[in-house]
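Source file input38.txt; content: compact mmCIF, C-alpha atoms and all ligand atoms.
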# COMPACT_ATOMS: atom_id res chain seq x y z
CA MET A 1354 12.55 16.41 14.41
CA THR A 1355 10.47 13.26 13.77
CA THR A 1356 11.99 10.43 11.73
CA ALA A 1357 10.20 9.82 8.45
CA VAL A 1358 8.37 6.49 8.46
CA LEU A 1359 9.65 5.97 4.94
CA ARG A 1360 12.57 7.65 3.22
CA VAL A 1361 13.47 6.90 -0.37
CA GLU A 1362 16.81 8.28 -1.46
CA ARG A 1363 18.10 8.50 -5.03
CA LEU A 1364 16.32 5.27 -5.96
CA CYS A 1365 16.96 3.85 -9.44
CA LYS A 1366 15.50 0.72 -11.00
CA SER A 1367 16.27 -0.43 -14.53
CA PHE A 1368 14.93 -3.43 -16.40
CA GLY A 1369 17.65 -4.01 -18.97
CA GLY A 1370 17.75 -0.76 -20.93
CA VAL A 1371 14.45 0.55 -19.47
CA HIS A 1372 15.02 3.10 -16.69
CA ALA A 1373 11.74 2.61 -14.82
CA ILE A 1374 12.75 4.81 -11.83
CA ARG A 1375 15.39 7.52 -12.02
CA ASP A 1376 16.97 9.13 -8.97
CA LEU A 1377 13.76 9.19 -6.96
CA THR A 1378 13.80 10.84 -3.53
CA PHE A 1379 10.81 11.40 -1.22
CA GLU A 1380 9.68 10.95 2.39
CA VAL A 1381 6.46 9.87 4.07
CA GLN A 1382 5.89 11.14 7.62
CA PRO A 1383 4.15 9.12 10.36
CA GLY A 1384 0.37 9.25 9.94
CA GLU A 1385 0.59 10.96 6.54
CA VAL A 1386 -1.32 9.93 3.40
CA MET A 1387 0.93 10.35 0.37
CA GLY A 1388 -0.29 9.87 -3.18
CA LEU A 1389 1.97 8.65 -5.97
CA ILE A 1390 0.54 9.57 -9.36
CA GLY A 1391 1.64 9.83 -12.96
CA PRO A 1392 0.86 8.64 -16.48
CA ASN A 1393 0.82 4.96 -17.45
CA GLY A 1394 4.36 3.57 -17.43
CA SER A 1395 5.75 6.42 -15.30
CA GLY A 1396 7.14 4.05 -12.65
CA LYS A 1397 4.50 3.96 -9.88
CA SER A 1398 4.17 0.17 -9.61
CA THR A 1399 7.92 -0.26 -9.97
CA THR A 1400 8.35 2.12 -7.02
CA VAL A 1401 5.89 0.19 -4.84
CA ASN A 1402 7.38 -3.17 -5.85
CA SER A 1403 10.89 -1.87 -5.07
CA LEU A 1404 9.77 -0.60 -1.66
CA ALA A 1405 8.06 -3.91 -0.86
CA GLY A 1406 11.12 -5.93 -1.91
CA LEU A 1407 9.62 -7.76 -4.87
CA PHE A 1408 12.88 -7.31 -6.77
CA PRO A 1409 16.28 -5.74 -6.04
CA VAL A 1410 16.73 -2.04 -6.80
CA THR A 1411 19.52 -0.94 -9.15
CA SER A 1412 20.81 1.72 -6.72
CA GLY A 1413 19.67 4.04 -3.96
CA GLU A 1414 18.41 3.64 -0.42
CA ILE A 1415 15.14 2.80 1.29
CA LEU A 1416 14.80 3.57 5.01
CA LEU A 1417 11.88 2.40 7.14
CA ALA A 1418 11.68 4.40 10.38
CA GLY A 1419 15.36 5.25 9.93
CA ALA A 1420 16.59 1.69 9.22
CA HIS A 1421 17.96 0.63 5.83
CA ILE A 1422 15.75 -2.07 4.34
CA GLN A 1423 16.75 -2.17 0.67
CA HIS A 1424 18.76 -5.38 1.11
CA LEU A 1425 16.05 -7.21 3.10
CA PRO A 1426 13.68 -9.80 1.62
CA GLU A 1427 9.96 -9.01 1.45
CA PRO A 1428 8.86 -10.92 4.61
CA GLU A 1429 11.41 -9.09 6.77
CA ARG A 1430 10.16 -5.75 5.48
CA VAL A 1431 6.62 -6.77 6.50
CA GLU A 1432 7.86 -7.75 9.96
CA LEU A 1433 9.51 -4.35 10.31
CA GLY A 1434 6.26 -2.56 9.47
CA LEU A 1435 5.86 -2.19 5.71
CA ALA A 1436 2.67 -3.77 4.30
CA ARG A 1437 1.15 -3.60 0.85
CA THR A 1438 -1.83 -4.51 -1.28
CA PHE A 1439 -1.75 -5.61 -4.93
CA GLN A 1440 -3.67 -4.34 -7.99
CA THR A 1441 -5.40 -7.69 -8.30
CA ALA A 1442 -6.95 -9.54 -5.39
CA SER A 1443 -4.56 -12.31 -4.35
CA VAL A 1444 -6.42 -14.34 -1.79
CA PHE A 1445 -7.25 -17.95 -0.97
CA PRO A 1446 -10.81 -18.44 -2.27
CA GLU A 1447 -11.59 -21.35 0.06
CA PHE A 1448 -10.62 -19.47 3.25
CA THR A 1449 -13.20 -17.45 5.13
CA VAL A 1450 -12.74 -13.69 5.29
CA ARG A 1451 -11.88 -14.01 8.99
CA GLN A 1452 -9.23 -16.67 8.28
CA GLN A 1453 -7.69 -14.57 5.52
CA ILE A 1454 -7.29 -11.59 7.86
CA THR A 1455 -5.99 -13.86 10.61
CA LEU A 1456 -3.35 -15.10 8.20
CA GLY A 1457 -2.28 -11.47 7.77
CA CYS A 1458 -1.46 -11.39 11.50
CA GLU A 1459 1.23 -14.08 11.08
CA PRO A 1460 4.23 -11.73 10.71
CA THR A 1461 3.56 -10.34 14.20
CA LEU A 1462 3.19 -13.71 15.98
CA LYS A 1463 5.64 -15.57 18.16
CA SER A 1464 3.82 -18.85 17.50
CA PRO A 1465 4.81 -21.19 14.62
CA PRO A 1466 3.75 -20.37 11.02
CA LEU A 1467 0.05 -21.02 10.21
CA SER A 1468 -0.70 -21.68 13.89
CA SER A 1469 -3.18 -18.80 13.77
CA ILE A 1470 -5.30 -20.77 11.27
CA PHE A 1471 -4.80 -24.36 12.37
CA GLY A 1472 -4.55 -23.72 16.11
CA ILE A 1473 -1.51 -25.99 16.60
CA GLY A 1474 1.27 -24.73 18.87
CA ARG A 1475 -0.28 -21.34 19.48
CA HIS A 1476 0.85 -19.28 22.45
CA GLN A 1477 -2.38 -19.04 24.44
CA GLY A 1478 -1.73 -15.42 25.30
CA GLU A 1479 -1.81 -14.49 21.65
CA VAL A 1480 -5.15 -16.10 20.81
CA GLU A 1481 -7.45 -13.47 22.28
CA ALA A 1482 -5.31 -10.60 21.06
CA ILE A 1483 -5.43 -11.92 17.49
CA GLU A 1484 -9.17 -12.51 17.60
CA ALA A 1485 -9.73 -8.97 18.88
CA ARG A 1486 -7.45 -7.51 16.20
CA VAL A 1487 -9.23 -9.44 13.44
CA GLN A 1488 -12.66 -8.39 14.73
CA ASP A 1489 -11.57 -4.76 14.82
CA LEU A 1490 -10.30 -4.98 11.21
CA LEU A 1491 -13.51 -6.68 10.06
CA GLU A 1492 -15.46 -3.75 11.47
CA VAL A 1493 -13.19 -0.95 10.26
CA THR A 1494 -13.19 -2.34 6.70
CA GLY A 1495 -16.96 -3.01 6.67
CA LEU A 1496 -16.52 -6.79 6.31
CA ALA A 1497 -18.08 -7.97 9.60
CA ALA A 1498 -21.28 -9.16 7.88
CA VAL A 1499 -19.30 -11.49 5.58
CA ALA A 1500 -16.69 -12.55 8.16
CA ASP A 1501 -17.55 -16.25 7.89
CA ASP A 1502 -18.16 -16.32 4.14
CA ALA A 1503 -15.63 -17.92 1.80
CA VAL A 1504 -13.36 -15.33 0.20
CA GLY A 1505 -14.25 -16.64 -3.27
CA THR A 1506 -17.93 -15.78 -2.74
CA ILE A 1507 -17.67 -12.11 -1.71
CA SER A 1508 -17.89 -9.22 -4.19
CA SER A 1509 -14.80 -7.84 -5.93
CA ALA A 1510 -15.18 -4.58 -3.96
CA GLN A 1511 -15.24 -6.59 -0.71
CA GLN A 1512 -12.12 -8.45 -1.88
CA ARG A 1513 -10.37 -5.10 -2.30
CA PHE A 1514 -11.29 -4.10 1.27
CA LEU A 1515 -10.17 -7.55 2.41
CA MET A 1516 -6.73 -6.95 0.91
CA ILE A 1517 -6.46 -3.76 2.93
CA ALA A 1518 -7.64 -5.52 6.12
CA THR A 1519 -5.08 -8.29 5.53
CA ALA A 1520 -2.29 -5.74 5.05
CA LEU A 1521 -3.32 -3.91 8.23
CA ALA A 1522 -3.32 -7.19 10.18
CA SER A 1523 0.49 -7.14 10.22
CA GLU A 1524 0.27 -3.88 12.27
CA PRO A 1525 2.31 -1.85 9.79
CA LYS A 1526 3.89 1.56 10.26
CA ILE A 1527 3.05 2.23 6.61
CA VAL A 1528 0.74 0.53 4.13
CA LEU A 1529 1.22 0.75 0.36
CA LEU A 1530 -2.08 0.69 -1.56
CA ASP A 1531 -1.72 -0.17 -5.26
CA GLU A 1532 -4.74 1.20 -7.15
CA PRO A 1533 -7.26 0.44 -4.37
CA ALA A 1534 -10.14 2.15 -6.21
CA ALA A 1535 -9.81 0.13 -9.43
CA GLY A 1536 -13.19 -1.33 -10.29
CA LEU A 1537 -15.03 0.40 -7.43
CA VAL A 1538 -18.25 2.34 -8.06
CA SER A 1539 -18.96 5.75 -6.56
CA HIS A 1540 -20.36 4.71 -3.15
CA GLU A 1541 -17.59 2.11 -2.73
CA ARG A 1542 -14.97 4.80 -3.46
CA LYS A 1543 -16.56 6.94 -0.76
CA THR A 1544 -16.21 4.02 1.70
CA LEU A 1545 -12.59 3.60 0.57
CA SER A 1546 -11.75 7.25 1.19
CA GLU A 1547 -13.29 7.04 4.68
CA LEU A 1548 -11.21 3.90 5.32
CA ILE A 1549 -7.98 5.56 4.18
CA LYS A 1550 -8.67 8.49 6.51
CA SER A 1551 -9.39 6.13 9.40
CA ILE A 1552 -6.08 4.32 8.75
CA ARG A 1553 -4.31 7.68 9.00
CA ASP A 1554 -6.24 8.47 12.19
CA ARG A 1555 -4.72 5.32 13.70
CA GLY A 1556 -1.27 6.83 13.12
CA ILE A 1557 -0.45 4.53 10.19
CA ALA A 1558 1.09 6.19 7.14
CA VAL A 1559 -0.39 5.43 3.73
CA LEU A 1560 1.25 5.55 0.31
CA VAL A 1561 -1.43 5.27 -2.35
CA ILE A 1562 -1.06 4.79 -6.11
CA GLU A 1563 -4.24 5.74 -7.87
CA HIS A 1564 -5.52 7.02 -11.19
CA HIS A 1565 -8.80 8.23 -9.68
CA MET A 1566 -7.94 11.89 -9.19
CA ALA A 1567 -10.97 12.93 -7.13
CA LEU A 1568 -10.08 10.28 -4.55
CA ILE A 1569 -6.38 11.24 -4.54
CA MET A 1570 -7.15 14.93 -4.15
CA GLU A 1571 -9.58 14.21 -1.30
CA VAL A 1572 -7.54 11.82 0.85
CA CYS A 1573 -3.91 12.85 0.34
CA ASP A 1574 -1.95 15.21 2.55
CA ARG A 1575 0.78 15.29 -0.07
CA ILE A 1576 1.30 14.00 -3.60
CA VAL A 1577 4.42 12.99 -5.53
CA VAL A 1578 4.11 13.01 -9.32
CA LEU A 1579 6.22 10.80 -11.59
CA ASN A 1580 6.84 11.12 -15.30
CA PHE A 1581 9.19 8.78 -17.22
CA GLY A 1582 10.47 7.46 -13.86
CA SER A 1583 11.46 10.88 -12.47
CA LYS A 1584 9.76 13.02 -9.84
CA ILE A 1585 8.34 16.14 -11.46
CA ALA A 1586 6.39 17.52 -8.47
CA ASP A 1587 5.93 17.02 -4.71
CA GLY A 1588 3.33 19.08 -2.87
CA THR A 1589 -0.13 19.47 -1.40
CA PRO A 1590 -3.15 18.59 -3.55
CA ALA A 1591 -3.70 22.32 -4.21
CA GLU A 1592 -0.07 22.77 -5.30
CA ILE A 1593 -0.20 19.70 -7.55
CA ARG A 1594 -3.47 20.79 -9.14
CA SER A 1595 -1.94 24.12 -10.16
CA SER A 1596 1.50 22.84 -11.19
CA GLN A 1597 2.02 23.54 -14.88
CA ALA A 1598 4.50 20.64 -15.17
CA VAL A 1599 1.88 18.23 -13.77
CA ILE A 1600 -0.90 19.61 -15.94
CA ASP A 1601 1.31 19.22 -19.02
CA ALA A 1602 2.46 15.69 -18.17
CA TYR A 1603 -0.62 14.15 -16.63
CA LEU A 1604 -3.63 16.06 -15.40
CA GLY A 1605 -4.46 18.15 -18.43
CA GLU A 1606 -7.14 20.66 -17.48
CA SER A 1607 -9.38 18.03 -15.92
CA VAL A 1608 -8.98 18.80 -12.17
N1 LIG A 1701 9.24 -6.50 -15.04
C1 LIG A 1701 9.49 -5.57 -15.95
N2 LIG A 1701 10.33 -5.84 -16.99
C2 LIG A 1701 10.62 -4.92 -17.92
N3 LIG A 1701 10.12 -3.66 -17.90
C3 LIG A 1701 9.28 -3.34 -16.91
C4 LIG A 1701 8.92 -4.26 -15.89
N4 LIG A 1701 8.06 -3.65 -15.03
C5 LIG A 1701 7.89 -2.40 -15.49
N5 LIG A 1701 8.62 -2.21 -16.62
C6 LIG A 1701 8.70 -0.96 -17.39
O1 LIG A 1701 9.02 0.07 -16.48
C7 LIG A 1701 8.31 1.25 -16.80
C8 LIG A 1701 7.47 1.69 -15.60
O2 LIG A 1701 6.39 0.75 -15.46
P1 LIG A 1701 5.41 0.77 -14.19
O3 LIG A 1701 4.53 -0.43 -14.31
O4 LIG A 1701 6.18 0.95 -12.94
O5 LIG A 1701 4.55 2.09 -14.47
P2 LIG A 1701 3.20 2.58 -13.79
O6 LIG A 1701 3.36 4.04 -13.56
O7 LIG A 1701 2.89 1.75 -12.60
O8 LIG A 1701 2.14 2.31 -14.94
P3 LIG A 1701 0.54 2.00 -14.87
O9 LIG A 1701 -0.11 3.27 -14.41
O10 LIG A 1701 0.20 1.66 -16.26
O11 LIG A 1701 0.35 0.85 -13.89
C9 LIG A 1701 7.49 0.96 -18.05
O12 LIG A 1701 8.25 1.38 -19.16
C10 LIG A 1701 7.36 -0.55 -18.01
O13 LIG A 1701 7.21 -1.08 -19.31
Represent the structure contained in this file as structure tokens.
Ligand SMILES: Nc1ncnc2c1ncn2[C@@H]1O[C@H](COP(=O)(O)OP(=O)(O)OP(=O)(O)O)[C@@H](O)[C@H]1O
Amino acid sequence: MTTAVLRVERLCKSFGGVHAIRDLTFEVQPGEVMGLIGPNGSGKSTTVNSLAGLFPVTSGEILLAGAHIQHLPEPERVELGLARTFQTASVFPEFTVRQQITLGCEPTLKSPPLSSIFGIGRHQGEVEAIEARVQDLLEVTGLAAVADDAVGTISSAQQRFLMIATALASEPKIVLLDEPAAGLVSHERKTLSELIKSIRDRGIAVLVIEHHMALIMEVCDRIVVLNFGSKIADGTPAEIRSSQAVIDAYLGESV
């Protein structure tokens, strides 16, 4: 039996009297794309933020490739193979696209912090490997043409792809994508769905939060549905589409 890349067990997170996540259990298998959907306020972002270590959980367990991570700070989770993107682009506008992705490689380096950008104290053996990794990510995310442009000058869609490239630079076992399609137009969403599939084809698991149902139904192998912080369904896109509980809580008759 393969070990799940991510296992969430009986997770609870409360903010004062607000129970944002209640007793949530699910698994993501290696190389699987899992969608996390639900109405506004159902607990999706709280789940991703809890997994990434943005704040402590109230109770429950989080296992990354079989190891408990719920007590670890965010940077250690990244080093162990859990990467994420944010709903809003959080980048350094004065850096070039290439530098921004290079910075994403830092958690995997033996050299001192920021040596990948400033070139001081770098292990020579790492230099070529990093450059090759960054070039590969520029190409896979469609950013090669703007590699040497300042981050602040590229389009908002390109900034979204840059966030994914930066997350992938840490060579994760799983990447958490928080509303990656927000603000994208149709042809950009198509590029995004191809990118998500190519991430899976590299053996990296993906957990994606998204309100754009056509994208979710197309790219996901499995979908977990939340409502009021609790899981109300877990199944294939076809199963989710026909679940009466999901239709009642979230989808309506629209898909
Ligand atoms: N930092 C916080 N402090 C207090 N309450 C919070 C906090 N973050 C989230 N909540 C509450 O937790 C619940 C779940 O919110 P969350 O943002 O996780 O939902 P969501 O499914 O991601 O919603 P959306 O689709 O609108 O992004 C909501 O009731 C929200 O008001």
Show me which residues sit within 10 Å of ligand LIG 1701 (chain A) when counting all atoms listed in the file, and put them as a CSV table (one decimal) with C-alpha atoms, in the coordinates of the input.
chain,number,residue,atom,x,y,z
A,1366,LYS,CA,15.5,0.7,-11.0
A,1367,SER,CA,16.3,-0.4,-14.5
A,1368,PHE,CA,14.9,-3.4,-16.4
A,1369,GLY,CA,17.6,-4.0,-19.0
A,1370,GLY,CA,17.8,-0.8,-20.9
A,1371,VAL,CA,14.4,0.6,-19.5
A,1372,HIS,CA,15.0,3.1,-16.7
A,1373,ALA,CA,11.7,2.6,-14.8
A,1374,ILE,CA,12.8,4.8,-11.8
A,1389,LEU,CA,2.0,8.6,-6.0
A,1390,ILE,CA,0.5,9.6,-9.4
A,1391,GLY,CA,1.6,9.8,-13.0
A,1392,PRO,CA,0.9,8.6,-16.5
A,1393,ASN,CA,0.8,5.0,-17.4
A,1394,GLY,CA,4.4,3.6,-17.4
A,1395,SER,CA,5.8,6.4,-15.3
A,1396,GLY,CA,7.1,4.0,-12.6
A,1397,LYS,CA,4.5,4.0,-9.9
A,1398,SER,CA,4.2,0.2,-9.6
A,1399,THR,CA,7.9,-0.3,-10.0
A,1400,THR,CA,8.4,2.1,-7.0
A,1401,VAL,CA,5.9,0.2,-4.8
A,1402,ASN,CA,7.4,-3.2,-5.8
A,1403,SER,CA,10.9,-1.9,-5.1
A,1408,PHE,CA,12.9,-7.3,-6.8
A,1440,GLN,CA,-3.7,-4.3,-8.0
A,1531,ASP,CA,-1.7,-0.2,-5.3
A,1532,GLU,CA,-4.7,1.2,-7.2
A,1562,ILE,CA,-1.1,4.8,-6.1
A,1563,GLU,CA,-4.2,5.7,-7.9
A,1564,HIS,CA,-5.5,7.0,-11.2
A,1578,VAL,CA,4.1,13.0,-9.3
A,1579,LEU,CA,6.2,10.8,-11.6
A,1580,ASN,CA,6.8,11.1,-15.3
A,1581,PHE,CA,9.2,8.8,-17.2
A,1582,GLY,CA,10.5,7.5,-13.9
- Identify, on the basis of all atoms listed in the file, every residue whose closest approach to Gly1536 (chain A) does not exceed 12 Å; exclude the query and any residue fewer than 3 positions from it along the same chain; express the result as a ChimeraX atom specification. /A:1440-1442,1508-1513,1532-1533,1539-1542,1545,1563-1565
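Coordinates place CA of Val1386 (chain A) at a distance of 23.2 Å from CA of Val1487 (chain A).
Between CA of Leu1491 (chain A) and CA of Leu1515 (chain A) lies a distance of 8.4 Å.
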> Quick one: distance from CA of Ile1422 (chain A) to CA of Pro1409 (chain A) in Å, one decimal?
Replying inline: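 Rounded to one decimal, the two atoms are 11.0 Å apart.
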Around (-12.0, 3.9, 5.3) in the file's own coordinates, what residues are found within 10 Å if you use only C-alpha atoms, given back as a compact mmCIF listing (two decimals) with C-alpha atoms, in the coordinates of the input?
# COMPACT_ATOMS: atom_id res chain seq x y z
CA VAL A 1493 -13.19 -0.95 10.26
CA THR A 1494 -13.19 -2.34 6.70
CA GLY A 1495 -16.96 -3.01 6.67
CA PHE A 1514 -11.29 -4.10 1.27
CA ILE A 1517 -6.46 -3.76 2.93
CA GLU A 1541 -17.59 2.11 -2.73
CA ARG A 1542 -14.97 4.80 -3.46
CA LYS A 1543 -16.56 6.94 -0.76
CA THR A 1544 -16.21 4.02 1.70
CA LEU A 1545 -12.59 3.60 0.57
CA SER A 1546 -11.75 7.25 1.19
CA GLU A 1547 -13.29 7.04 4.68
CA LEU A 1548 -11.21 3.90 5.32
CA ILE A 1549 -7.98 5.56 4.18
CA LYS A 1550 -8.67 8.49 6.51
CA SER A 1551 -9.39 6.13 9.40
CA ILE A 1552 -6.08 4.32 8.75
CA ARG A 1553 -4.31 7.68 9.00
* Asked: Can you list, as an MDAnalysis selection string, every protein, DNA or RNA residue that comes within 8 Å of region 1429-1435 of chain A when you count only C-alpha atoms, leaving out same-chain residues fewer than 6 positions away?
  -> chainID A and resid 1405:1406 1417 1422 1460:1461 1523:1529
Would you mind listing what lies within 10 Å of Ser1596 (chain A) as a PyMOL selection string, with all atoms listed in the file counted and same-chain residues fewer than 6 positions away left out? chain A and resi 1585-1588+1590+1604
